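Coordinates as given in entry-v7.cif (mmCIF, C-alpha atoms):
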```cif
data_query
loop_
_atom_site.group_PDB
_atom_site.id
_atom_site.type_symbol
_atom_site.label_atom_id
_atom_site.label_comp_id
_atom_site.auth_asym_id
_atom_site.auth_seq_id
_atom_site.Cartn_x
_atom_site.Cartn_y
_atom_site.Cartn_z
ATOM 1 C CA ASP A 204 -43.675 -42.502 -17.202
ATOM 2 C CA SER A 205 -45.998 -41.810 -20.139
ATOM 3 C CA GLY A 206 -44.673 -38.285 -20.678
ATOM 4 C CA VAL A 207 -48.131 -36.780 -20.106
ATOM 5 C CA THR A 208 -48.259 -34.499 -17.077
ATOM 6 C CA GLN A 209 -51.422 -33.647 -15.189
ATOM 7 C CA THR A 210 -51.768 -31.161 -12.358
ATOM 8 C CA PRO A 211 -52.904 -31.106 -9.674
ATOM 9 C CA LYS A 212 -52.954 -34.757 -8.567
ATOM 10 C CA HIS A 213 -55.690 -34.152 -6.047
ATOM 11 C CA LEU A 214 -58.302 -31.446 -5.770
ATOM 12 C CA ILE A 215 -60.851 -31.008 -3.002
ATOM 13 C CA THR A 216 -63.516 -28.373 -3.400
ATOM 14 C CA ALA A 217 -67.106 -27.560 -2.524
ATOM 15 C CA THR A 218 -70.299 -27.738 -4.506
ATOM 16 C CA GLY A 219 -70.923 -24.736 -6.714
ATOM 17 C CA GLN A 220 -67.238 -23.992 -7.145
ATOM 18 C CA ARG A 221 -65.141 -23.903 -10.316
ATOM 19 C CA VAL A 222 -61.849 -25.702 -10.878
ATOM 20 C CA THR A 223 -59.279 -25.971 -13.640
ATOM 21 C CA LEU A 224 -57.358 -29.119 -14.461
ATOM 22 C CA ARG A 225 -54.181 -28.872 -16.480
ATOM 23 C CA CYS A 226 -52.533 -31.263 -18.908
ATOM 24 C CA SER A 227 -49.200 -31.150 -20.719
ATOM 25 C CA PRO A 228 -49.028 -33.671 -23.572
ATOM 26 C CA ARG A 229 -46.011 -35.732 -24.586
ATOM 27 C CA SER A 230 -43.445 -33.804 -26.532
ATOM 28 C CA GLY A 231 -44.522 -33.739 -30.187
ATOM 29 C CA ASP A 232 -48.085 -34.878 -29.599
ATOM 30 C CA LEU A 233 -50.706 -32.628 -31.157
ATOM 31 C CA SER A 234 -53.876 -34.228 -29.813
ATOM 32 C CA VAL A 235 -55.143 -34.008 -26.268
ATOM 33 C CA TYR A 236 -58.096 -36.024 -24.965
ATOM 34 C CA TRP A 237 -59.976 -35.697 -21.684
ATOM 35 C CA TYR A 238 -61.692 -38.614 -19.941
ATOM 36 C CA GLN A 239 -63.716 -38.975 -16.760
ATOM 37 C CA GLN A 240 -63.665 -42.115 -14.635
ATOM 38 C CA SER A 241 -66.349 -42.285 -11.982
ATOM 39 C CA LEU A 242 -66.560 -45.013 -9.358
ATOM 40 C CA ASP A 243 -66.961 -48.474 -10.927
ATOM 41 C CA GLN A 244 -67.152 -46.961 -14.384
ATOM 42 C CA GLY A 245 -64.915 -47.224 -17.378
ATOM 43 C CA LEU A 246 -63.287 -44.172 -18.812
ATOM 44 C CA GLN A 247 -65.822 -41.869 -20.432
ATOM 45 C CA PHE A 248 -64.552 -39.716 -23.283
ATOM 46 C CA LEU A 249 -65.237 -36.023 -22.758
ATOM 47 C CA ILE A 250 -63.508 -34.023 -25.477
ATOM 48 C CA GLN A 251 -60.574 -34.002 -27.908
ATOM 49 C CA TYR A 252 -58.426 -31.141 -29.142
ATOM 50 C CA TYR A 253 -56.039 -31.296 -32.053
ATOM 51 C CA ASN A 254 -53.468 -28.553 -32.562
ATOM 52 C CA GLY A 255 -55.572 -26.002 -30.748
ATOM 53 C CA GLU A 256 -58.925 -26.847 -32.259
ATOM 54 C CA GLU A 257 -61.772 -28.864 -30.845
ATOM 55 C CA ARG A 258 -61.934 -32.128 -32.776
ATOM 56 C CA ALA A 259 -64.554 -34.269 -31.083
ATOM 57 C CA LYS A 260 -67.002 -34.077 -28.226
ATOM 58 C CA GLY A 261 -68.232 -36.931 -26.126
ATOM 59 C CA ASN A 262 -70.312 -36.991 -22.971
ATOM 60 C CA ILE A 263 -69.216 -33.586 -21.758
ATOM 61 C CA LEU A 264 -71.615 -31.535 -19.672
ATOM 62 C CA GLU A 265 -72.348 -27.922 -20.588
ATOM 63 C CA ARG A 266 -70.857 -26.904 -17.226
ATOM 64 C CA PHE A 267 -67.521 -28.284 -18.451
ATOM 65 C CA SER A 268 -65.307 -26.699 -21.056
ATOM 66 C CA ALA A 269 -61.805 -27.185 -22.338
ATOM 67 C CA GLN A 270 -59.214 -25.503 -24.482
ATOM 68 C CA GLN A 271 -55.812 -26.224 -25.960
ATOM 69 C CA PHE A 272 -53.254 -23.456 -26.000
ATOM 70 C CA PRO A 273 -50.593 -22.607 -28.621
ATOM 71 C CA ASP A 274 -47.974 -24.479 -26.607
ATOM 72 C CA LEU A 275 -50.342 -27.495 -26.845
ATOM 73 C CA HIS A 276 -51.081 -27.813 -23.159
ATOM 74 C CA SER A 277 -54.743 -28.131 -22.341
ATOM 75 C CA GLU A 278 -57.045 -27.123 -19.522
ATOM 76 C CA LEU A 279 -60.356 -28.618 -18.489
ATOM 77 C CA ASN A 280 -62.642 -26.204 -16.669
ATOM 78 C CA LEU A 281 -65.389 -27.588 -14.459
ATOM 79 C CA SER A 282 -67.912 -25.126 -13.067
ATOM 80 C CA SER A 283 -70.965 -25.157 -10.797
ATOM 81 C CA LEU A 284 -69.588 -28.356 -9.367
ATOM 82 C CA GLU A 285 -71.926 -31.015 -8.048
ATOM 83 C CA LEU A 286 -71.262 -34.008 -5.808
ATOM 84 C CA GLY A 287 -71.593 -36.289 -8.824
ATOM 85 C CA ASP A 288 -68.649 -34.616 -10.528
ATOM 86 C CA SER A 289 -66.314 -36.314 -8.057
ATOM 87 C CA ALA A 290 -64.190 -38.578 -10.229
ATOM 88 C CA LEU A 291 -60.782 -39.222 -11.703
ATOM 89 C CA TYR A 292 -60.092 -37.031 -14.702
ATOM 90 C CA PHE A 293 -57.525 -38.316 -17.167
ATOM 91 C CA CYS A 294 -55.793 -36.533 -19.957
ATOM 92 C CA ALA A 295 -54.254 -38.437 -22.862
ATOM 93 C CA SER A 296 -52.245 -37.378 -25.875
ATOM 94 C CA SER A 297 -51.434 -38.831 -29.250
ATOM 95 C CA VAL A 298 -49.176 -37.864 -32.095
ATOM 96 C CA ALA A 299 -51.875 -36.858 -34.543
ATOM 97 C CA THR A 300 -55.628 -37.112 -34.722
ATOM 98 C CA GLY A 301 -55.354 -40.842 -34.351
ATOM 99 C CA VAL A 302 -55.354 -41.653 -38.038
ATOM 100 C CA GLY A 303 -52.975 -44.537 -38.090
ATOM 101 C CA PRO A 304 -53.229 -47.775 -36.140
ATOM 102 C CA GLY A 305 -50.043 -46.874 -34.359
ATOM 103 C CA ASP A 306 -51.365 -43.604 -33.021
ATOM 104 C CA ALA A 307 -52.198 -44.853 -29.554
ATOM 105 C CA GLN A 308 -53.238 -42.536 -26.755
ATOM 106 C CA TYR A 309 -50.881 -42.125 -23.821
ATOM 107 C CA PHE A 310 -52.403 -41.233 -20.486
ATOM 108 C CA GLY A 311 -51.365 -39.045 -17.612
ATOM 109 C CA ALA A 312 -51.711 -40.171 -13.993
ATOM 110 C CA GLY A 313 -54.979 -38.306 -13.570
ATOM 111 C CA THR A 314 -56.448 -35.685 -11.272
ATOM 112 C CA ARG A 315 -58.674 -36.939 -8.481
ATOM 113 C CA LEU A 316 -61.458 -34.421 -7.898
ATOM 114 C CA SER A 317 -63.472 -34.594 -4.704
ATOM 115 C CA VAL A 318 -66.516 -32.338 -4.459
ATOM 116 C CA LEU A 319 -67.763 -32.031 -0.879
ATOM 117 C CA ASP B 166 -75.872 -48.636 -23.670
ATOM 118 C CA GLN B 167 -72.457 -50.147 -23.129
ATOM 119 C CA GLN B 168 -70.769 -50.675 -26.450
ATOM 120 C CA VAL B 169 -67.680 -52.328 -24.976
ATOM 121 C CA LYS B 170 -68.251 -54.902 -22.258
ATOM 122 C CA GLN B 171 -65.858 -56.664 -19.955
ATOM 123 C CA ASN B 172 -68.129 -59.043 -18.135
ATOM 124 C CA SER B 173 -65.609 -60.278 -15.589
ATOM 125 C CA PRO B 174 -64.841 -57.618 -12.981
ATOM 126 C CA SER B 175 -61.998 -59.706 -11.599
ATOM 127 C CA LEU B 176 -59.780 -62.682 -12.373
ATOM 128 C CA SER B 177 -57.265 -64.589 -10.250
ATOM 129 C CA VAL B 178 -54.524 -66.663 -11.840
ATOM 130 C CA GLN B 179 -51.563 -68.584 -10.496
ATOM 131 C CA GLU B 180 -48.116 -67.289 -11.418
ATOM 132 C CA GLY B 181 -46.783 -69.019 -14.527
ATOM 133 C CA ARG B 182 -50.215 -69.927 -15.853
ATOM 134 C CA ILE B 183 -52.152 -68.269 -18.649
ATOM 135 C CA SER B 184 -54.399 -65.255 -18.008
ATOM 136 C CA ILE B 185 -57.266 -64.752 -20.434
ATOM 137 C CA LEU B 186 -59.178 -61.491 -20.325
ATOM 138 C CA ASN B 187 -62.282 -61.149 -22.452
ATOM 139 C CA CYS B 188 -64.039 -58.255 -24.107
ATOM 140 C CA ASP B 189 -67.207 -58.037 -26.186
ATOM 141 C CA TYR B 190 -68.399 -55.156 -28.314
ATOM 142 C CA THR B 191 -71.670 -54.303 -29.984
ATOM 143 C CA ASN B 192 -70.790 -51.510 -32.415
ATOM 144 C CA SER B 193 -69.960 -52.965 -35.835
ATOM 145 C CA MET B 194 -68.277 -49.664 -36.781
ATOM 146 C CA PHE B 195 -65.376 -50.398 -34.431
ATOM 147 C CA ASP B 196 -62.346 -51.433 -36.413
ATOM 148 C CA TYR B 197 -59.416 -50.941 -34.064
ATOM 149 C CA PHE B 198 -59.063 -52.371 -30.590
ATOM 150 C CA LEU B 199 -56.654 -51.672 -27.787
ATOM 151 C CA TRP B 200 -55.814 -53.030 -24.369
ATOM 152 C CA TYR B 201 -54.637 -50.792 -21.571
ATOM 153 C CA LYS B 202 -53.227 -51.769 -18.197
ATOM 154 C CA LYS B 203 -53.724 -49.614 -15.134
ATOM 155 C CA TYR B 204 -51.944 -49.745 -11.806
ATOM 156 C CA PRO B 205 -53.381 -47.924 -8.771
ATOM 157 C CA ALA B 206 -52.631 -44.185 -8.709
ATOM 158 C CA GLU B 207 -51.388 -44.272 -12.303
ATOM 159 C CA GLY B 208 -52.968 -43.589 -15.659
ATOM 160 C CA PRO B 209 -53.793 -46.375 -18.114
ATOM 161 C CA THR B 210 -50.791 -47.641 -20.045
ATOM 162 C CA PHE B 211 -51.113 -48.773 -23.646
ATOM 163 C CA LEU B 212 -50.363 -52.474 -23.889
ATOM 164 C CA ILE B 213 -51.254 -53.912 -27.273
ATOM 165 C CA SER B 214 -53.645 -53.280 -30.139
ATOM 166 C CA ILE B 215 -55.183 -55.025 -33.106
ATOM 167 C CA SER B 216 -56.739 -53.878 -36.338
ATOM 168 C CA SER B 217 -59.913 -55.477 -37.603
ATOM 169 C CA ILE B 218 -58.067 -56.815 -40.643
ATOM 170 C CA LYS B 219 -56.139 -59.165 -38.371
ATOM 171 C CA ASP B 220 -57.256 -61.890 -36.032
ATOM 172 C CA LYS B 221 -54.147 -62.058 -33.891
ATOM 173 C CA ASN B 222 -51.383 -59.782 -32.709
ATOM 174 C CA GLU B 223 -48.506 -60.833 -30.501
ATOM 175 C CA ASP B 224 -46.059 -58.833 -28.419
ATOM 176 C CA GLY B 225 -43.871 -60.861 -26.107
ATOM 177 C CA ARG B 226 -46.009 -62.475 -23.431
ATOM 178 C CA PHE B 227 -49.126 -60.662 -24.638
ATOM 179 C CA THR B 228 -51.366 -61.828 -27.471
ATOM 180 C CA VAL B 229 -54.660 -60.316 -28.519
ATOM 181 C CA PHE B 230 -57.163 -62.360 -30.506
ATOM 182 C CA LEU B 231 -60.041 -60.841 -32.445
ATOM 183 C CA ASN B 232 -63.161 -62.698 -33.590
ATOM 184 C CA LYS B 233 -65.059 -60.192 -35.698
ATOM 185 C CA SER B 234 -68.028 -62.416 -36.390
ATOM 186 C CA ALA B 235 -68.562 -62.886 -32.656
ATOM 187 C CA LYS B 236 -67.606 -59.277 -31.869
ATOM 188 C CA HIS B 237 -65.230 -60.633 -29.266
ATOM 189 C CA LEU B 238 -61.619 -60.095 -28.386
ATOM 190 C CA SER B 239 -59.376 -61.553 -25.764
ATOM 191 C CA LEU B 240 -56.011 -60.793 -24.240
ATOM 192 C CA HIS B 241 -53.769 -63.714 -23.355
ATOM 193 C CA ILE B 242 -50.851 -63.289 -20.982
ATOM 194 C CA VAL B 243 -48.414 -66.194 -20.906
ATOM 195 C CA PRO B 244 -46.803 -66.812 -18.512
ATOM 196 C CA SER B 245 -48.535 -64.612 -15.967
ATOM 197 C CA GLN B 246 -46.320 -62.775 -13.496
ATOM 198 C CA PRO B 247 -47.160 -61.043 -10.200
ATOM 199 C CA GLY B 248 -46.246 -57.710 -11.814
ATOM 200 C CA ASP B 249 -49.112 -58.221 -14.259
ATOM 201 C CA SER B 250 -51.569 -57.672 -11.404
ATOM 202 C CA ALA B 251 -53.508 -54.598 -12.496
ATOM 203 C CA VAL B 252 -56.807 -53.506 -14.003
ATOM 204 C CA TYR B 253 -57.024 -54.207 -17.730
ATOM 205 C CA PHE B 254 -59.233 -52.082 -19.950
ATOM 206 C CA CYS B 255 -60.409 -53.022 -23.387
ATOM 207 C CA ALA B 256 -61.006 -50.083 -25.749
ATOM 208 C CA ALA B 257 -62.301 -49.694 -29.269
ATOM 209 C CA ARG B 258 -62.548 -46.990 -31.879
ATOM 210 C CA PRO B 259 -64.365 -46.646 -35.185
ATOM 211 C CA ALA B 260 -62.950 -46.507 -38.660
ATOM 212 C CA TYR B 261 -61.733 -43.183 -39.938
ATOM 213 C CA SER B 262 -64.758 -41.116 -40.825
ATOM 214 C CA GLY B 263 -63.018 -38.035 -42.113
ATOM 215 C CA ALA B 264 -64.016 -36.035 -39.079
ATOM 216 C CA GLY B 265 -60.652 -36.542 -37.446
ATOM 217 C CA SER B 266 -62.226 -38.025 -34.383
ATOM 218 C CA TYR B 267 -60.794 -41.131 -32.795
ATOM 219 C CA GLN B 268 -62.512 -41.242 -29.489
ATOM 220 C CA LEU B 269 -61.958 -44.464 -27.641
ATOM 221 C CA THR B 270 -64.813 -46.327 -26.023
ATOM 222 C CA PHE B 271 -63.628 -48.202 -22.953
ATOM 223 C CA GLY B 272 -64.950 -51.180 -21.070
ATOM 224 C CA LYS B 273 -65.222 -51.034 -17.280
ATOM 225 C CA GLY B 274 -62.099 -53.098 -16.783
ATOM 226 C CA THR B 275 -61.099 -56.443 -15.328
ATOM 227 C CA LYS B 276 -58.913 -56.609 -12.240
ATOM 228 C CA LEU B 277 -56.283 -59.293 -12.695
ATOM 229 C CA SER B 278 -54.570 -60.753 -9.643
ATOM 230 C CA VAL B 279 -51.595 -63.016 -10.282
ATOM 231 C CA ILE B 280 -50.907 -65.129 -7.221
ATOM 232 C CA PRO B 281 -47.265 -66.050 -6.535
#
```
Using structure tokens, write down the structure from this file.
Amino acid sequence: DSGVTQTPKHLITATGQRVTLRCSPRSGDLSVYWYQQSLDQGLQFLIQYYNGEERAKGNILERFSAQQFPDLHSELNLSSLELGDSALYFCASSVATGVGPGDAQYFGAGTRLSVL
Amino acid sequence: DQQVKQNSPSLSVQEGRISILNCDYTNSMFDYFLWYKKYPAEGPTFLISISSIKDKNEDGRFTVFLNKSAKHLSLHIVPSQPGDSAVYFCAARPAYSGAGSYQLTFGKGTKLSVIP
């Protein structure tokens, strides 16, 4: 158990809909990262938050947004969903911004999103 | 453009023998490398890492070798055990740029099967 909790585990929805994925980081971790893993693809970095502030953006679509709350949990909002958004979405956390070599990212079990 | 490449989608090894998983990268700004292991229905689990100032890091049965001039790293597992059967992801991140961003770039993974 990595200590990172993601809910829900599975989500089935229709095109055009909006969903929210939730992530609770490990106790004490200030950074939260979101990744997308599509079929046969590696993990694609979407966005990072550190202590409530956006820290880095990757390949995140404009239809997607995220935030980190004062209690450090994070939510990833996906709107106007398309079939191609079907994927595994992982959240990871790390102690700080990732400054030191030891600041590895620890992953949750993921949310499997199916857009029908 | 894939900056981190794992050219072998799968690898089968006999129990007790050595498993060697390879990873190549193209971005010369990467200076820290990590290996993650992923079982089905679970998130990636941090396994071992190496800084670019080293060429080898060992942790029990796992050793990572880094050849900076060739932009190549490898993970050795000795001896291989059936419980090592999983997908292994290579990941890399750039040197600290002051922006506080440590996004990881992942390869597509190699599925290791250890045969009893």
Exercise. Dump as an MDAnalysis selection string the residues of chain B that approach chain A to within 10 Å, counting all atoms listed in the file.
Key: chainID B and resid 167 169:171 174 196:199 201 203:216 254:256 258 260:274
Quiz item: What lies within 10 Å of Ile242 (chain B) using all atoms listed in the file, ignoring chain neighbours under 3 positions off, as a ChimeraX atom specification?
Solution: /B:181-186,224-229,239,245-246,249
Quiz item: Expanded to explicit residues, what is the PyMOL selection byres ((chain A and resi 220-233) around 8) for this file, as a PyMOL selection string?
Solution: chain A and resi 205-211+216-219+234-235+253-254+275-284+294-300+311+314
Quiz item: Do you have the CA of Ser175 (chain B)-CA of Ser234 (chain B) distance handy?
Solution: 25.7 Å
Quiz item: Expressed in Å to a single decimal, how great is the separation between CA of Glu285 (chain A) and CA of Leu319 (chain A)?
Solution: 8.4 Å
Practice problem: Work out how far apart CA of Ile280 (chain B) and CA of Val178 (chain B) are and give it in Å to one decimal. | Solution: 6.1 Å
Quiz item: For the point (-57.7, -62.9, -11.4) in file coordinates, what residues are within 7 Å, counting all atoms listed in the file? Give the answer as JSON, numbers by chain?
Solution: {"B": [175, 176, 177, 178, 276, 277, 278, 279]}
Quiz item: Care to translate the PyMOL selection byres ((chain A and resi 316) around 7) into actual residues of this file, as a ChimeraX atom specification?
Solution: /A:213-215,289-291,314-315,317-318
Using all atoms of region 261-271 of chain A listed in the file and a margin of 8 Å per side, can you give the axis-aligned box centre and edge lengths in Å to one decimal, as lines of an AutoDock Vina configuration file?
```
center_x = -64.1
center_y = -31.2
center_z = -21.7
size_x = 32.5
size_y = 27.5
size_z = 24.9
```
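Each of B:Pro259, B:Lys202, B:Cys188, B:Phe195 was checked against Phe230 (chain B) using only C-alpha atoms; the smallest atom-to-atom distance is that of B:Cys188.
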Quiz item: Applied to this file, what does the PyMOL selection byres ((chain B and resi 232) around 10) return in terms of residues, put as a list in words?
Solution: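 Selected by the PyMOL selection byres ((chain B and resi 232) around 10) here: Asp189, Ser217, Lys219, Asp220, Lys221, Phe230, Leu231, Lys233, Ser234, Ala235, Lys236, His237, Leu238 and Ser239 of chain B.
Neighbouring residues of Pro281 (chain B) at 8 Å or closer, counting only C-alpha atoms and skipping chain neighbours under 4 positions away, are Gln179, Glu180, Gln246 and Pro247 of chain B.
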